[in-house]
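**Student:** Mind looking over this structure? Questions follow.
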Amino acid sequence: MIVREKSPKFPKIKAFFGRFSVWAKAAFVLALAVLVAGLCTAGTARSTGGTFYATEERSVVFYLDYNEGATLGKIHVNVGSACVPAGESFTLTFRSALRSSTSSTSWSSSYGLGKVTLYNIYAPESGAEARTNHNWVTVVDRTGASTSISASRCLVQVSFSGDMLVNEIAFEDTAGERIPAYVTEREARAAFEAAGNSSAWSTNYRNYFAAQEKYGDVEKLVDGDLYNTGVTAYHDYTQEEMYTLAQIDGILLGGRVPEGTFVSDADHGPFAVLLPLLGVLVFGRSPFGLRFFSAFAAAGLVLLAYCFMKELLSRERGQRGKNEVFALIFAALTACGGLVLTVGRLGLSYPFLALFLLASFAFLYRFFAFGIDEARPVRSASNILVSGLAFALAVACDPKAVVAAAGLLALFVAGAVRHARGHAAKVRAARAALSEQNAREPSEAVIRANLDAFAAREAEERADYVYRCKLIYLLFFVSFVVGTVLVYALAGLPQLPVYALRYDPSPAAGTVGALSLLWRSFTDAFTLGNVTAYSAANASTAFGWLVSLKGATLFYGASEPSYIALNAQGNIFMAFTALLSFAFLTAYVILYAATGGKKGAYATEHTALILRAWSVLLAGTVSALLPYAFLGGASAAMSLPFSVFYFAFIPLAFYTAYVHDGGAKKKLFGVPCLNTAGAVVCGLCALYLLSFLLTLPMTFGFPFPAAAAAACFGWTSILGNGFYR
């Protein structure tokens with residue numbers, strides 16, 4: 001009997017996944033978990049719809065279509081950017097009127113309606129944090145009032161104190177149901193006629209609705225979803241995100257940006273706002289839309305951390321082995337280090353900056369470590385191109401990232417030197433082989449032929465080497481220099497109207513050119529001008545990041561006895577371990593150099609790899625620290641790019657101790673792989689996990705009993721402050 005083997009189902013899919021080790025699959029699952037957690041907790045997807053451009057001369061009249069027996073309960077507003085300095089106030093005035101009145105003086109500020117004061121981005125007065133723009137604010141609340149606003153008083157007029165963008169105005173009855181509101185002439189007229197008030201409509205109120213239809217965008221005031229309830233970061237934006245929203249408003253307005261004080265983000269580059277803008281355009285003006293791409297950047301950062309550490313601990317390109325477990329540890333430290341799950345899922349530039357900066361170092365390291373493939377020089381040299389483009393995007397996210405050019409340049413020069421030395425060594429070896437061959441050859445004719453053949457091969461190889469050198473230098477210049485300038489300029493083009501308001505003394509006349517505006521925005525990022533009330537209270541020197549001296553409160557919703565603040569802080573145990581790991585590895589490098597280098601007592605088969613990885617991590621850590629080191633107002637939220645490189649010293653120290661530990665290995669799940677160093681690793685990881693679990697309430701900002709919060713994570717901030725505590 002002939003037995004036929006069953007062909008596997010989906011052979012191509014199985015072959016594809018078979019290329020990856022179990023550690024790589026675990027890293028992918030971890031990144032996927034970070035993505036899901038980020039998207040599920042990014043915030044509500046309820047959108048405020050479009051944006052109405054309000055001016056001081058405009059007022060908008062709403063017709064409220066009450067249900068039978070309903071009365072006015074609450075009025076909620078969501079104001080976007082206002083043309084006043086950050087921290088200063090602006091007002092909205094609400095007046096009501098009867099639909100049956102034919103008197104031109106029928107508008108009244110009675111019945112609890114009146115002037116409402118809001119603040120731009122933050123309120124300087126203590127306890128007034130909720131009454132700001134960009135988030136929903138309840139401006140009228142009649143649910144407990146002694147008198148009611150009857151259904152006959154269904155006309156509400158809103159006036160504005162100055163130029164501002166209003167995202168939506170929502171009305172609720174006392175039962176909490178949304179009251180449909182009409183602002184167009186067609187809908188309002190139909191409502192008047194249905195109520196039997198055609199005479200009042202034609203006599204007095206038609207002109208209001210007919211005039212405001214000329215605005216063109218008045219319908220956007222009522223085109224959003226339901227009002228978002230709740231005072232948490234799930235429903236509201238953080239103060240840092242409000243600067244991003246202001247930048248988005250400026251881009252969407254374009255040439256219509258009013259002259260005056262229009263707040264925008266001056267701490268980051270132009271690309272920092274483009275991906276959040278795209279999320280808003282796709283998913284609407286909502287926390288979910290603003291933070292959508294940040295969640296993908298955070299997940300990509302975790303996966304890239306695994307790939308980066310795997311490359312650092314590999315002797316050959318694409319090598320698979322036990323070193324991958326340390327790469328997985330690094331990915332887990334990145335994911336659970338306390339910043340990816342907070343800062344990484346907000347509509348801020350930090351997750352993109354960290355992703356692009358790590359990618360730049362990772363791809364340039366591949367060139368440094370593995371050189372140029374002579375058979376496929378263009379393909380292997382493309383690592384330089386990708387690294388340069390990632391660097392350009394990092395600088396476009398935050399111009400302060402240009403400091404990383406020093407570390408990347410050192411890495412490139414080291415790679416070019418290795419390439420030159422490799423070619424020289426190959427030439428010397430070929431000449432030695434030729435000399436040995438000719439020494440045994442008695443015939444001068446054969447010797448001459450060998451010399452001629454060698455000269456021809458050497459000339460050909462020399463030409464190939466020169467070609468490869470030109471290629472790598474050209475790609476470096478094109479990507480790192482030309483690419484950085486072009487990416488920054490292209491990312492800044494949509495924001496030129498905002499830059500003109502910020503830097504041009506006469507923006508209407510256009511006295512400052514586009515290149516000058518871009519340069520001003522570039523240099524302006526080297527100061528921290530958009531420090532919020534929270535980050536100012538948490539600010540310290542960036543060197544405090546080494547031991548997580550302070551956390552950063554990104555959102556604070558006062559609700560006693562619950563603690564619902566959203567805090568960003570590196571895992572304090574990881575921070576101390578990273579500091580010790582850096583000290584341990586630095587001592588290892590010093591002892592290696594002091595005892596004779598390759599011929600000394602500290603030289604092993606693993607030393608070259610460890611030294612190489614230590615050098616790259618040091619360059620990355622310094623590159624991420626220095627831009628903020630001397631600004632004085634650095635917040636823990638800014639340390640995400642730094643923490644990625646800094647925490648990488650932990651798995652490198654683990655690897656160094658593990659490979660040099662000659663003790664007997666104990667079994668873990670039946671596999672003899674756990675020596676003393678491995679046991680210490682497991683113990684520390686358990687400690688990291690415990691700290692991570694205890695700090696989940698402040699990481700995700702969900703309500704938690706105040707007493708339990710103090711016990712679980714009140715101890716994590718060495719230097720506390722009023723917000724963080």
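Chain labels follow the order of the structure tokens: the first chain is A, the next B, and so on; residue numbering restarts at 1 in every chain, and ligands are counted from 1 in their shown order.
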Using backbone DSSP assignments, extract all helix (DSSP H, G or I) residues from region 151-299 of chain A; output them as a ChimeraX atom specification.
**Tutor:** /A:185-194,198-213,218-222,239-256,271-283,287-299
**Student:** As a list in words, please: the residues near region 161-168 of chain A (cut-off 7 Å, only C-alpha atoms, same-chain neighbours under 4 positions excluded).
**Tutor:**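 Contacts, in chain order: Thr48, Gly49, Gly50, Thr51, Phe52, Tyr53, Ala54, Thr55, Glu56, Val77, Asn78, Val79, Gly80, Ser81, Ala82, Cys83, Phe90, Thr91, Leu92, Lys220, Leu221, Val222 and Gly224 of chain A.
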**Student:** May I have the selected residues written with C-alpha atoms, as a compact mmCIF listing (two decimals), in the first residue's frame?
**Tutor:**
```
# COMPACT_ATOMS: atom_id res chain seq x y z
CA THR A 48 -16.83 66.93 18.21
CA GLY A 49 -17.25 66.99 14.44
CA GLY A 50 -16.10 70.06 12.56
CA THR A 51 -14.97 73.45 13.80
CA PHE A 52 -16.82 76.76 13.71
CA TYR A 53 -14.67 79.86 13.25
CA ALA A 54 -16.14 82.40 15.67
CA THR A 55 -15.24 86.09 15.78
CA GLU A 56 -16.16 88.89 18.14
CA VAL A 77 -19.34 73.58 25.10
CA ASN A 78 -16.13 72.39 23.52
CA VAL A 79 -14.01 75.33 22.45
CA GLY A 80 -10.87 74.79 20.38
CA SER A 81 -8.07 77.30 20.05
CA ALA A 82 -8.69 80.84 21.25
CA CYS A 83 -6.70 83.88 20.18
CA PHE A 90 -12.05 84.47 27.20
CA THR A 91 -15.82 84.50 27.52
CA LEU A 92 -18.98 83.15 25.93
CA LYS A 220 -20.33 72.29 12.49
CA LEU A 221 -21.47 73.42 15.93
CA VAL A 222 -24.04 70.62 16.06
CA GLY A 224 -20.61 66.01 16.56
```
**Student:** For Leu30 (chain A), which of A:Leu155, A:Leu277, A:Ile75, A:Cys336 is the closest residue, counting only C-alpha atoms?
**Tutor:**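 Checking each candidate against Leu30 (chain A), we get A:Cys336 as the closest.
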**Student:** Please compute the CA of Leu358 (chain A)-CA of Leu393 (chain A) distance, one decimal, in Å.
**Tutor:**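 Computing it gives 11.5 Å between the two atoms.
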**Student:** Quick check for you: according to DSSP on this backbone, which residues of region 537-616 of chain A are classed as strand (DSSP E or B)? Reply as a ChimeraX atom specification.
**Tutor:** /A:540,552-555,559,562-563,566-568
**Student:** Of the candidates A:Val84, A:Ala455, A:Ala42, A:Ala433, which shows the shortest atom-to-atom distance to Asp236 (chain A), using only C-alpha atoms?
**Tutor:** A:Ala42
**Student:** So that I can see what lies close to Leu346 (chain A), please list as a compact mmCIF listing (two decimals) with C-alpha atoms, in the first residue's frame the residues with an atom at most 10 Å from it, counting only C-alpha atoms and leaving out residues fewer than 3 positions away in the same chain.
**Tutor:**
```txt
# COMPACT_ATOMS: atom_id res chain seq x y z
CA GLY A 38 -2.92 51.56 23.86
CA THR A 41 -7.29 53.00 26.64
CA ALA A 42 -6.38 55.82 24.25
CA GLY A 43 -9.68 57.54 24.90
CA ALA A 233 -7.79 61.26 30.46
CA TYR A 237 -6.98 65.84 26.76
CA THR A 238 -3.86 66.49 28.78
CA GLU A 240 0.53 68.87 26.70
CA GLU A 241 -1.91 67.54 24.10
CA PRO A 276 -1.85 63.23 15.25
CA PRO A 287 -8.88 61.60 22.15
CA PHE A 288 -8.84 58.35 20.20
CA LEU A 290 -5.42 62.25 18.35
CA ARG A 291 -3.69 59.27 19.99
CA PHE A 292 -4.29 56.58 17.37
CA PHE A 293 -0.90 56.66 15.65
CA SER A 294 0.92 57.13 18.95
CA ALA A 295 -0.28 53.68 20.02
CA ALA A 298 4.64 52.67 21.02
CA VAL A 340 5.48 53.60 26.83
CA LEU A 341 2.05 52.89 28.29
CA THR A 342 1.55 56.51 29.36
CA VAL A 343 3.45 58.93 27.15
CA SER A 349 5.74 63.68 19.89
CA TYR A 350 7.71 61.51 22.30
CA PRO A 351 6.74 58.04 21.01
CA LEU A 554 0.03 64.58 32.69
```
**Student:** Considering only C-alpha atoms, can you say which of A:Val280, A:Thr604, A:Leu313, A:Leu64 comes closest to Glu187 (chain A)?
**Tutor:**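 Between A:Val280, A:Thr604, A:Leu313, A:Leu64, the residue approaching Glu187 (chain A) most closely is A:Leu64.
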**Student:** Counting only C-alpha atoms, what is within 8 Å of Thr93 (chain A), bar same-chain residues fewer than 5 positions away, as a ChimeraX atom specification?
**Tutor:** /A:113-116,157-160
**Student:** For the residues selected in the previous step, produce a file with C-alpha atoms as a PDB file, in the first residue's frame.
**Tutor:**
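After the write, again-v3.pdb holds the following:
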```pdb
ATOM      1  CA  LEU A 113     -27.861  81.925  31.416  1.00  0.00           C
ATOM      2  CA  GLY A 114     -25.137  84.525  31.236  1.00  0.00           C
ATOM      3  CA  LYS A 115     -21.438  85.100  30.703  1.00  0.00           C
ATOM      4  CA  VAL A 116     -19.095  82.122  31.077  1.00  0.00           C
ATOM      5  CA  GLN A 157     -27.992  82.964  21.445  1.00  0.00           C
ATOM      6  CA  VAL A 158     -24.250  82.573  21.995  1.00  0.00           C
ATOM      7  CA  SER A 159     -21.829  85.508  21.602  1.00  0.00           C
ATOM      8  CA  PHE A 160     -18.040  85.342  21.670  1.00  0.00           C
TER       9      PHE A 160
END
```
**Student:** Excluding region 692-702 of chain A and any residue of its chain fewer than 2 positions from it, enumerate the residues within 8 Å of it, using only C-alpha atoms, and give them as a count of residues only.
**Tutor:** 23
**Student:** Give me, please, the distance in Å between CA of Asn207 (chain A) and CA of Tyr63 (chain A), quoted to one decimal.
**Tutor:**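 According to the coordinates, CA of Asn207 (chain A) and CA of Tyr63 (chain A) are separated by 13.5 Å.
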